[in-house]
$ cat model-v1.cif   # mmCIF, C-alpha atoms
data_run
loop_
_atom_site.label_atom_id
_atom_site.label_comp_id
_atom_site.auth_asym_id
_atom_site.auth_seq_id
_atom_site.Cartn_x
_atom_site.Cartn_y
_atom_site.Cartn_z
CA MET A 1209 -6.05 -31.70 4.55
CA ASN A 1210 -6.15 -30.43 0.97
CA VAL A 1211 -8.39 -27.51 2.03
CA TYR A 1212 -5.97 -26.68 4.87
CA ILE A 1213 -3.00 -26.66 2.47
CA LYS A 1214 -4.88 -24.35 0.10
CA LYS A 1215 -5.66 -21.97 2.97
CA VAL A 1216 -2.01 -21.92 4.08
CA ASN A 1217 -0.94 -21.37 0.47
CA ARG A 1218 -3.32 -18.41 0.18
CA TYR A 1219 -1.92 -16.79 3.34
CA VAL A 1220 1.67 -17.36 2.24
CA ILE A 1221 0.98 -15.67 -1.10
CA TYR A 1222 -0.77 -12.84 0.75
CA LEU A 1223 2.32 -12.28 2.91
CA ILE A 1224 4.41 -12.29 -0.26
CA SER A 1225 2.09 -9.63 -1.70
CA LEU A 1226 2.68 -7.43 1.37
CA PHE A 1227 6.42 -7.82 0.95
CA ILE A 1228 6.24 -6.90 -2.74
CA ILE A 1229 4.05 -3.86 -2.07
CA SER A 1230 6.45 -2.68 0.65
CA LEU A 1231 9.40 -3.21 -1.71
CA GLY A 1232 7.67 -1.03 -4.30
CA ALA A 1233 7.03 1.64 -1.67
CA SER A 1234 10.68 1.55 -0.60
CA LEU A 1235 11.84 1.88 -4.21
CA SER A 1236 9.60 4.94 -4.61
CA ILE A 1237 11.26 6.47 -1.53
CA LYS A 1238 14.73 5.81 -2.96
CA ALA A 1239 13.73 7.29 -6.33
CA ASN A 1240 13.28 10.58 -4.44
CA LEU A 1241 10.68 11.97 -6.84
CA GLY A 1242 7.80 11.79 -4.39
CA THR A 1243 6.35 8.71 -2.76
CA SER A 1244 3.09 6.97 -3.61
CA PRO A 1245 -0.10 8.15 -1.82
CA LEU A 1246 0.03 4.93 0.24
CA ILE A 1247 3.26 5.91 1.98
CA CYS A 1248 3.53 9.71 1.67
CA ILE A 1249 2.11 10.54 5.14
CA PRO A 1250 4.27 7.93 6.97
CA TYR A 1251 7.33 9.09 5.00
CA VAL A 1252 6.84 12.77 5.86
CA SER A 1253 6.04 11.83 9.47
CA SER A 1254 9.32 9.91 9.66
CA LEU A 1255 11.23 13.01 8.51
CA ILE A 1256 9.46 15.09 11.16
CA SER A 1257 9.82 12.64 14.04
CA ASN A 1258 13.12 10.93 13.12
CA LEU A 1259 11.34 7.60 13.57
CA SER A 1260 11.66 4.89 10.92
CA VAL A 1261 9.18 4.87 8.05
CA GLY A 1262 8.00 1.48 9.28
CA THR A 1263 7.24 2.89 12.73
CA THR A 1264 5.31 5.88 11.42
CA SER A 1265 3.53 3.57 8.96
CA PHE A 1266 2.41 1.40 11.88
CA ILE A 1267 1.06 4.43 13.78
CA PHE A 1268 -0.70 5.69 10.64
CA ASN A 1269 -2.26 2.26 10.02
CA ILE A 1270 -3.58 2.05 13.59
CA LEU A 1271 -5.12 5.51 13.15
CA LEU A 1272 -6.83 4.43 9.91
CA ILE A 1273 -8.19 1.27 11.54
CA ALA A 1274 -9.56 3.33 14.46
CA ILE A 1275 -11.34 5.63 11.99
CA GLU A 1276 -12.78 2.57 10.20
CA ILE A 1277 -14.19 1.25 13.48
CA ILE A 1278 -15.70 4.64 14.35
CA LEU A 1279 -17.27 5.01 10.89
CA LEU A 1280 -18.62 1.46 10.53
CA ARG A 1281 -19.32 0.63 14.20
CA LYS A 1282 -21.22 -2.70 14.15
CA GLY A 1283 -20.63 -2.89 10.40
CA PHE A 1284 -16.91 -3.39 11.00
CA GLU A 1285 -16.34 -7.10 10.34
CA LYS A 1286 -14.52 -8.99 13.08
CA ARG A 1287 -12.04 -10.49 10.63
CA GLN A 1288 -10.98 -6.95 9.68
CA TYR A 1289 -9.32 -6.67 13.10
CA LEU A 1290 -6.63 -8.70 11.36
CA GLN A 1291 -5.71 -5.40 9.73
CA ILE A 1292 -3.82 -4.64 12.95
CA VAL A 1293 -1.65 -7.70 12.41
CA ILE A 1294 -1.34 -7.03 8.69
CA GLY A 1295 -0.47 -3.38 9.30
CA THR A 1296 2.25 -4.45 11.75
CA ILE A 1297 3.74 -6.95 9.29
CA PHE A 1298 3.61 -4.40 6.48
CA SER A 1299 5.37 -1.82 8.65
CA VAL A 1300 8.16 -4.28 9.45
CA PHE A 1301 8.46 -5.09 5.74
CA ILE A 1302 8.81 -1.38 4.95
CA ASP A 1303 11.85 -0.99 7.19
CA PHE A 1304 13.31 -4.30 6.01
CA THR A 1305 12.94 -3.50 2.30
CA LEU A 1306 14.36 -0.02 2.86
CA MET A 1307 17.48 -1.74 4.20
CA LEU A 1308 17.54 -4.05 1.18
CA VAL A 1309 17.46 -1.15 -1.30
CA ASN A 1310 19.67 1.16 0.77
CA PHE A 1311 22.42 0.88 -1.85
CA ILE A 1312 20.15 2.46 -4.50
CA ASN A 1313 20.86 6.18 -4.72
CA PRO A 1314 20.07 7.49 -8.22
CA THR A 1315 21.79 10.82 -8.83
CA ASP A 1316 20.31 11.93 -12.14
CA TYR A 1317 16.70 12.57 -13.07
CA ILE A 1318 16.46 9.79 -15.68
CA SER A 1319 17.69 7.19 -13.18
CA GLN A 1320 15.27 8.51 -10.57
CA MET A 1321 12.37 8.24 -13.04
CA ILE A 1322 13.38 4.70 -14.01
CA PHE A 1323 13.37 3.59 -10.37
CA LEU A 1324 10.05 5.35 -9.81
CA LEU A 1325 8.47 3.48 -12.73
CA ILE A 1326 9.96 0.20 -11.50
CA SER A 1327 8.45 0.89 -8.08
CA CYS A 1328 5.02 1.39 -9.67
CA VAL A 1329 5.27 -1.93 -11.53
CA VAL A 1330 6.42 -3.75 -8.41
CA MET A 1331 3.63 -2.26 -6.28
CA ALA A 1332 1.05 -3.07 -8.94
CA PHE A 1333 2.08 -6.73 -9.01
CA GLY A 1334 1.91 -6.87 -5.21
CA VAL A 1335 -1.57 -5.32 -5.29
CA LEU A 1336 -2.67 -7.94 -7.84
CA LEU A 1337 -1.59 -10.75 -5.49
CA GLU A 1338 -3.25 -8.98 -2.54
CA ILE A 1339 -6.54 -8.66 -4.43
CA LYS A 1340 -6.49 -12.23 -5.69
CA THR A 1341 -5.89 -13.80 -2.27
CA GLU A 1342 -8.89 -11.97 -0.75
CA VAL A 1343 -7.55 -12.36 2.79
CA VAL A 1344 -8.00 -9.00 4.51
CA PHE A 1345 -7.66 -5.35 3.54
CA LEU A 1346 -4.49 -3.40 4.07
CA PRO A 1347 -5.44 -0.56 6.48
CA GLY A 1348 -5.15 2.01 3.67
CA ASP A 1349 -7.62 0.08 1.52
CA GLY A 1350 -9.81 -0.77 4.50
CA PHE A 1351 -10.10 2.94 5.27
CA ILE A 1352 -11.23 3.66 1.71
CA VAL A 1353 -13.73 0.78 1.84
CA ALA A 1354 -15.17 2.24 5.06
CA ILE A 1355 -15.53 5.67 3.46
CA SER A 1356 -17.19 4.15 0.38
CA LYS A 1357 -19.69 2.25 2.57
CA VAL A 1358 -20.59 5.36 4.56
CA LEU A 1359 -21.01 7.45 1.40
CA LYS A 1360 -22.61 4.53 -0.47
CA ARG A 1361 -20.23 5.01 -3.38
CA GLU A 1362 -18.07 2.57 -5.31
CA PHE A 1363 -14.53 1.94 -4.05
CA GLY A 1364 -13.01 3.05 -7.36
CA LYS A 1365 -14.82 6.39 -7.23
CA VAL A 1366 -13.83 7.12 -3.63
CA LYS A 1367 -10.18 6.03 -3.85
CA PRO A 1368 -8.89 9.00 -5.92
CA TYR A 1369 -10.35 11.47 -3.41
CA CYS A 1370 -8.78 9.59 -0.49
CA ASP A 1371 -5.43 9.46 -2.29
CA VAL A 1372 -5.59 13.21 -2.91
CA SER A 1373 -6.45 13.83 0.75
CA PHE A 1374 -3.42 11.72 1.82
CA VAL A 1375 -1.15 13.70 -0.50
CA ILE A 1376 -2.51 17.10 0.60
CA THR A 1377 -2.13 16.11 4.26
CA ALA A 1378 1.47 15.03 3.66
CA ALA A 1379 2.20 18.32 1.85
CA ILE A 1380 0.72 20.39 4.69
CA LEU A 1381 2.64 18.43 7.33
CA SER A 1382 5.91 18.88 5.45
CA PHE A 1383 5.43 22.64 5.01
CA VAL A 1384 4.33 23.20 8.62
CA PHE A 1385 6.94 21.05 10.37
CA LEU A 1386 9.84 20.94 7.89
CA GLY A 1387 9.47 24.25 6.11
CA TYR A 1388 9.68 22.66 2.67
CA LEU A 1389 7.78 20.20 0.48
CA ALA A 1390 8.93 16.63 1.12
CA GLY A 1391 7.67 13.28 -0.18
CA VAL A 1392 5.24 14.89 -2.61
CA ARG A 1393 6.42 15.52 -6.14
CA GLU A 1394 5.66 14.48 -9.70
CA GLY A 1395 6.36 10.87 -8.72
CA THR A 1396 3.40 10.97 -6.33
CA VAL A 1397 1.07 12.01 -9.14
CA ILE A 1398 2.55 9.46 -11.55
CA SER A 1399 2.15 6.66 -8.98
CA ALA A 1400 -1.45 7.64 -8.29
CA ILE A 1401 -2.26 7.65 -12.01
CA ILE A 1402 -0.51 4.57 -13.36
CA ILE A 1403 -0.55 1.93 -10.60
CA GLY A 1404 -4.26 1.22 -11.07
CA PRO A 1405 -4.02 0.69 -14.86
CA ILE A 1406 -0.91 -1.49 -14.41
CA VAL A 1407 -2.84 -3.66 -11.92
CA ARG A 1408 -5.60 -4.05 -14.52
CA ILE A 1409 -3.06 -5.06 -17.19
CA PHE A 1410 -1.48 -7.61 -14.84
CA LYS A 1411 -4.95 -8.92 -13.97
CA LYS A 1412 -5.81 -9.37 -17.63
CA TYR A 1413 -2.63 -11.23 -18.60
CA LEU A 1414 -1.50 -12.83 -15.32
CA GLY A 1415 -4.72 -13.13 -13.33
CA ASP A 1416 -5.51 -16.71 -14.38
CA TYR A 1417 -1.96 -17.86 -13.59
CA VAL A 1418 -2.13 -16.24 -10.15
CA ASP A 1419 -5.47 -17.99 -9.52
CA LEU A 1420 -3.89 -21.33 -10.39
CA ILE A 1421 -1.02 -20.73 -7.96
CA ILE A 1422 -3.38 -19.68 -5.16
CA GLU A 1423 -5.68 -22.67 -5.64
CA LYS A 1424 -2.80 -25.13 -6.02
#

$ encode --input "model-v1.cif" --output "structure tokens"
Amino acid sequence: MNVYIKKVNRYVIYLISLFIISLGASLSIKANLGTSPLICIPYVSSLISNLSVGTTSFIFNILLIAIEIILLRKGFEKRQYLQIVIGTIFSVFIDFTLMLVNFINPTDYISQMIFLLISCVVMAFGVLLEIKTEVVFLPGDGFIVAISKVLKREFGKVKPYCDVSFVITAAILSFVFLGYLAGVREGTVISAIIIGPIVRIFKKYLGDYVDLIIEK
């Protein structure tokens, strides 16, 4: 029974991590200085299609999972099919958290930058929880893991290139279909640069406490 409770606890914390990451992504959208690489393609796609960011995020996640399966073939672990469920939940969280922060509309640059930095901190904490629970990859991370396995390179070395490719794709889509640059600004670069280091800081000072909560 104790093992079962620990497993349930781990999954609950993982779901909380998804909610926190989606909240950070929504705050980055509301900051309006460019979204994080994780959400820039779904955000631009939502502007093009008039669908919700959650809906376009779901479609994007399914596409990433399909690419993972094609790249890894038999090497794609069965438990990673859970990414479909996780991607769906995350997409719902995106739309829900966007409603929660709908009242946030910073009008000056300093306020926008403050909300952007808050979004980075929030996302970093969510990523820490996600990493610590070790349940299943978010589709974005799963895609990068698949690329790293195919290229036989470390995740950390492949991730920046994947992030850049997401950003470039979002920029191209916005120029082609909208006629202007949307979702990609200095905030995108800042998010890409500082979220990783913030996760490492959280891991150093909060990692042991998170482990205790997960194993409770």

$ resolve_selection --input "model-v1.cif" --expression "the PyMOL selection byres ((chain A and resi 1415) around 12)" --output "list of chain:residue names"
A:Phe1333, A:Val1335, A:Leu1336, A:Leu1337, A:Glu1338, A:Ile1339, A:Lys1340, A:Thr1341, A:Val1407, A:Arg1408, A:Ile1409, A:Phe1410, A:Lys1411, A:Lys1412, A:Tyr1413, A:Leu1414, A:Asp1416, A:Tyr1417, A:Val1418, A:Asp1419, A:Leu1420, A:Ile1421, A:Ile1422

$ resolve_selection --input "model-v1.cif" --expression "the PyMOL selection byres ((chain A and resi 1307) around 12)" --output "ChimeraX atom specification"
/A:1230-1231,1234-1235,1237-1238,1260-1262,1300-1306,1308-1312

$ resolve_selection --input "model-v1.cif" --expression "the PyMOL selection byres ((chain A and resi 1330) around 8)" --output "ChimeraX atom specification"
/A:1228-1229,1231-1232,1326-1329,1331-1334

$ residues_around --input "model-v1.cif" --residues "segment 1346-1356 of chain A" --least-positions-apart "4" --cutoff "7 Å" --atoms "only C-alpha atoms" --output "short mmCIF file (atom, residue, chain, number, x, y, z; two decimals) with C-alpha atoms, in the coordinates of the input"
data_model
loop_
_atom_site.label_atom_id
_atom_site.label_comp_id
_atom_site.auth_asym_id
_atom_site.auth_seq_id
_atom_site.Cartn_x
_atom_site.Cartn_y
_atom_site.Cartn_z
CA LEU A 1246 0.03 4.93 0.24
CA ASN A 1269 -2.26 2.26 10.02
CA LEU A 1272 -6.83 4.43 9.91
CA ILE A 1273 -8.19 1.27 11.54
CA GLU A 1276 -12.78 2.57 10.20
CA LEU A 1279 -17.27 5.01 10.89
CA LEU A 1280 -18.62 1.46 10.53
CA GLN A 1291 -5.71 -5.40 9.73
CA ILE A 1294 -1.34 -7.03 8.69
CA GLY A 1295 -0.47 -3.38 9.30
CA LYS A 1360 -22.61 4.53 -0.47
CA ARG A 1361 -20.23 5.01 -3.38
CA GLU A 1362 -18.07 2.57 -5.31
CA PHE A 1363 -14.53 1.94 -4.05
CA VAL A 1366 -13.83 7.12 -3.63
CA LYS A 1367 -10.18 6.03 -3.85
CA CYS A 1370 -8.78 9.59 -0.49
#

$ closest_residue --input "model-v1.cif" --among "A:Val1344, A:Ile1406, A:Ala1400, A:Leu1359" --to "Arg1218 of chain A" --atoms "all atoms listed in the file"
A:Val1344

$ atom_distance --input "model-v1.cif" --atom1 "atom CA of Val1358 of chain A" --atom2 "atom CA of Ile1270 of chain A"
19.5 Å

$ atom_distance --input "model-v1.cif" --atom1 "atom CA of Val1252 of chain A" --atom2 "atom CA of Leu1386 of chain A"
8.9 Å

$ closest_residue --input "model-v1.cif" --among "A:Arg1287, A:Lys1215, A:Phe1268, A:Ser1299" --to "Phe1227 of chain A" --atoms "all atoms listed in the file"
A:Ser1299

$ closest_residue --input "model-v1.cif" --among "A:Asn1210, A:Ser1253, A:Asn1240, A:Ser1399" --to "Ala1379 of chain A" --atoms "only C-alpha atoms"
A:Ser1253

$ atom_distance --input "model-v1.cif" --atom1 "atom CA of Lys1286 of chain A" --atom2 "atom CA of Leu1271 of chain A"
17.3 Å

$ decode --input "model-v1.cif" --residues "segment 1291-1335 of chain A" --atoms "N, CA and C atoms" --output "tab-separated table (two decimals), in the first residue's frame"
chain	number	residue	atom	x	y	z
A	1291	GLN	N	3.00	10.07	-23.61
A	1291	GLN	CA	3.19	11.46	-24.03
A	1291	GLN	C	1.92	12.02	-24.68
A	1292	ILE	N	1.15	11.14	-25.33
A	1292	ILE	CA	-0.10	11.58	-25.96
A	1292	ILE	C	-1.05	12.10	-24.89
A	1293	VAL	N	-1.16	11.35	-23.81
A	1293	VAL	CA	-2.02	11.76	-22.69
A	1293	VAL	C	-1.46	13.03	-22.04
A	1294	ILE	N	-0.17	13.01	-21.80
A	1294	ILE	CA	0.49	14.16	-21.15
A	1294	ILE	C	0.36	15.41	-22.01
A	1295	GLY	N	0.57	15.24	-23.33
A	1295	GLY	CA	0.44	16.37	-24.25
A	1295	GLY	C	-0.96	16.94	-24.26
A	1296	THR	N	-1.96	16.06	-24.14
A	1296	THR	CA	-3.36	16.50	-24.09
A	1296	THR	C	-3.63	17.29	-22.81
A	1297	ILE	N	-3.17	16.75	-21.68
A	1297	ILE	CA	-3.37	17.44	-20.40
A	1297	ILE	C	-2.67	18.79	-20.40
A	1298	PHE	N	-1.45	18.82	-20.91
A	1298	PHE	CA	-0.69	20.06	-20.96
A	1298	PHE	C	-1.40	21.11	-21.82
A	1299	SER	N	-1.96	20.67	-22.93
A	1299	SER	CA	-2.69	21.57	-23.83
A	1299	SER	C	-3.91	22.17	-23.15
A	1300	VAL	N	-4.62	21.34	-22.40
A	1300	VAL	CA	-5.78	21.83	-21.63
A	1300	VAL	C	-5.32	22.84	-20.58
A	1301	PHE	N	-4.22	22.53	-19.92
A	1301	PHE	CA	-3.67	23.44	-18.91
A	1301	PHE	C	-3.30	24.79	-19.51
A	1302	ILE	N	-2.78	24.77	-20.73
A	1302	ILE	CA	-2.39	26.02	-21.40
A	1302	ILE	C	-3.60	26.95	-21.54
A	1303	ASP	N	-4.69	26.40	-22.08
A	1303	ASP	CA	-5.89	27.23	-22.25
A	1303	ASP	C	-6.46	27.67	-20.90
A	1304	PHE	N	-6.41	26.77	-19.91
A	1304	PHE	CA	-6.95	27.09	-18.59
A	1304	PHE	C	-6.13	28.20	-17.91
A	1305	THR	N	-4.81	28.07	-17.96
A	1305	THR	CA	-3.96	29.08	-17.32
A	1305	THR	C	-4.01	30.42	-18.06
A	1306	LEU	N	-4.23	30.37	-19.37
A	1306	LEU	CA	-4.39	31.62	-20.12
A	1306	LEU	C	-5.64	32.36	-19.65
A	1307	MET	N	-6.69	31.60	-19.30
A	1307	MET	CA	-7.89	32.22	-18.75
A	1307	MET	C	-7.60	32.80	-17.36
A	1308	LEU	N	-6.80	32.08	-16.58
A	1308	LEU	CA	-6.48	32.54	-15.22
A	1308	LEU	C	-5.71	33.86	-15.23
A	1309	VAL	N	-4.81	34.02	-16.21
A	1309	VAL	CA	-3.97	35.23	-16.25
A	1309	VAL	C	-4.48	36.25	-17.26
A	1310	ASN	N	-5.72	36.07	-17.71
A	1310	ASN	CA	-6.28	36.96	-18.74
A	1310	ASN	C	-6.31	38.42	-18.31
A	1311	PHE	N	-6.37	38.64	-16.99
A	1311	PHE	CA	-6.44	40.01	-16.47
A	1311	PHE	C	-5.09	40.72	-16.54
A	1312	ILE	N	-4.02	39.97	-16.77
A	1312	ILE	CA	-2.67	40.56	-16.83
A	1312	ILE	C	-2.42	41.13	-18.22
A	1313	ASN	N	-2.29	42.44	-18.29
A	1313	ASN	CA	-2.02	43.11	-19.56
A	1313	ASN	C	-1.02	44.26	-19.35
A	1314	PRO	N	0.25	43.93	-19.14
A	1314	PRO	CA	1.25	44.97	-18.91
A	1314	PRO	C	1.35	45.92	-20.10
A	1315	THR	N	1.39	47.21	-19.81
A	1315	THR	CA	1.37	48.21	-20.89
A	1315	THR	C	2.73	48.88	-21.12
A	1316	ASP	N	3.62	48.79	-20.14
A	1316	ASP	CA	4.94	49.39	-20.33
A	1316	ASP	C	6.02	48.32	-20.36
A	1317	TYR	N	7.16	48.66	-20.92
A	1317	TYR	CA	8.21	47.68	-21.16
A	1317	TYR	C	8.74	47.05	-19.87
A	1318	ILE	N	8.88	47.86	-18.83
A	1318	ILE	CA	9.40	47.34	-17.56
A	1318	ILE	C	8.46	46.28	-16.99
A	1319	SER	N	7.16	46.56	-17.01
A	1319	SER	CA	6.18	45.60	-16.52
A	1319	SER	C	6.20	44.32	-17.36
A	1320	GLN	N	6.33	44.49	-18.67
A	1320	GLN	CA	6.40	43.32	-19.55
A	1320	GLN	C	7.61	42.46	-19.20
A	1321	MET	N	8.76	43.11	-18.97
A	1321	MET	CA	9.99	42.39	-18.66
A	1321	MET	C	9.87	41.68	-17.31
A	1322	ILE	N	9.22	42.33	-16.35
A	1322	ILE	CA	9.03	41.71	-15.03
A	1322	ILE	C	8.20	40.43	-15.17
A	1323	PHE	N	7.10	40.50	-15.93
A	1323	PHE	CA	6.26	39.33	-16.11
A	1323	PHE	C	6.98	38.24	-16.90
A	1324	LEU	N	7.82	38.65	-17.83
A	1324	LEU	CA	8.60	37.67	-18.58
A	1324	LEU	C	9.55	36.92	-17.65
A	1325	LEU	N	10.24	37.65	-16.78
A	1325	LEU	CA	11.18	37.02	-15.85
A	1325	LEU	C	10.45	36.12	-14.86
A	1326	ILE	N	9.27	36.57	-14.41
A	1326	ILE	CA	8.46	35.74	-13.52
A	1326	ILE	C	8.08	34.44	-14.23
A	1327	SER	N	7.73	34.56	-15.51
A	1327	SER	CA	7.34	33.37	-16.28
A	1327	SER	C	8.50	32.38	-16.37
A	1328	CYS	N	9.71	32.89	-16.51
A	1328	CYS	CA	10.90	32.02	-16.60
A	1328	CYS	C	11.12	31.28	-15.28
A	1329	VAL	N	10.95	31.99	-14.17
A	1329	VAL	CA	11.12	31.38	-12.85
A	1329	VAL	C	10.06	30.31	-12.62
A	1330	VAL	N	8.82	30.64	-12.97
A	1330	VAL	CA	7.72	29.69	-12.80
A	1330	VAL	C	7.95	28.44	-13.65
A	1331	MET	N	8.31	28.62	-14.91
A	1331	MET	CA	8.56	27.48	-15.79
A	1331	MET	C	9.72	26.64	-15.27
A	1332	ALA	N	10.76	27.29	-14.79
A	1332	ALA	CA	11.93	26.57	-14.28
A	1332	ALA	C	11.56	25.69	-13.10
A	1333	PHE	N	10.72	26.21	-12.21
A	1333	PHE	CA	10.30	25.40	-11.05
A	1333	PHE	C	9.46	24.22	-11.50
A	1334	GLY	N	8.59	24.44	-12.48
A	1334	GLY	CA	7.80	23.34	-13.03
A	1334	GLY	C	8.67	22.28	-13.67
A	1335	VAL	N	9.70	22.72	-14.38
A	1335	VAL	CA	10.63	21.78	-15.02
A	1335	VAL	C	11.37	20.96	-13.97
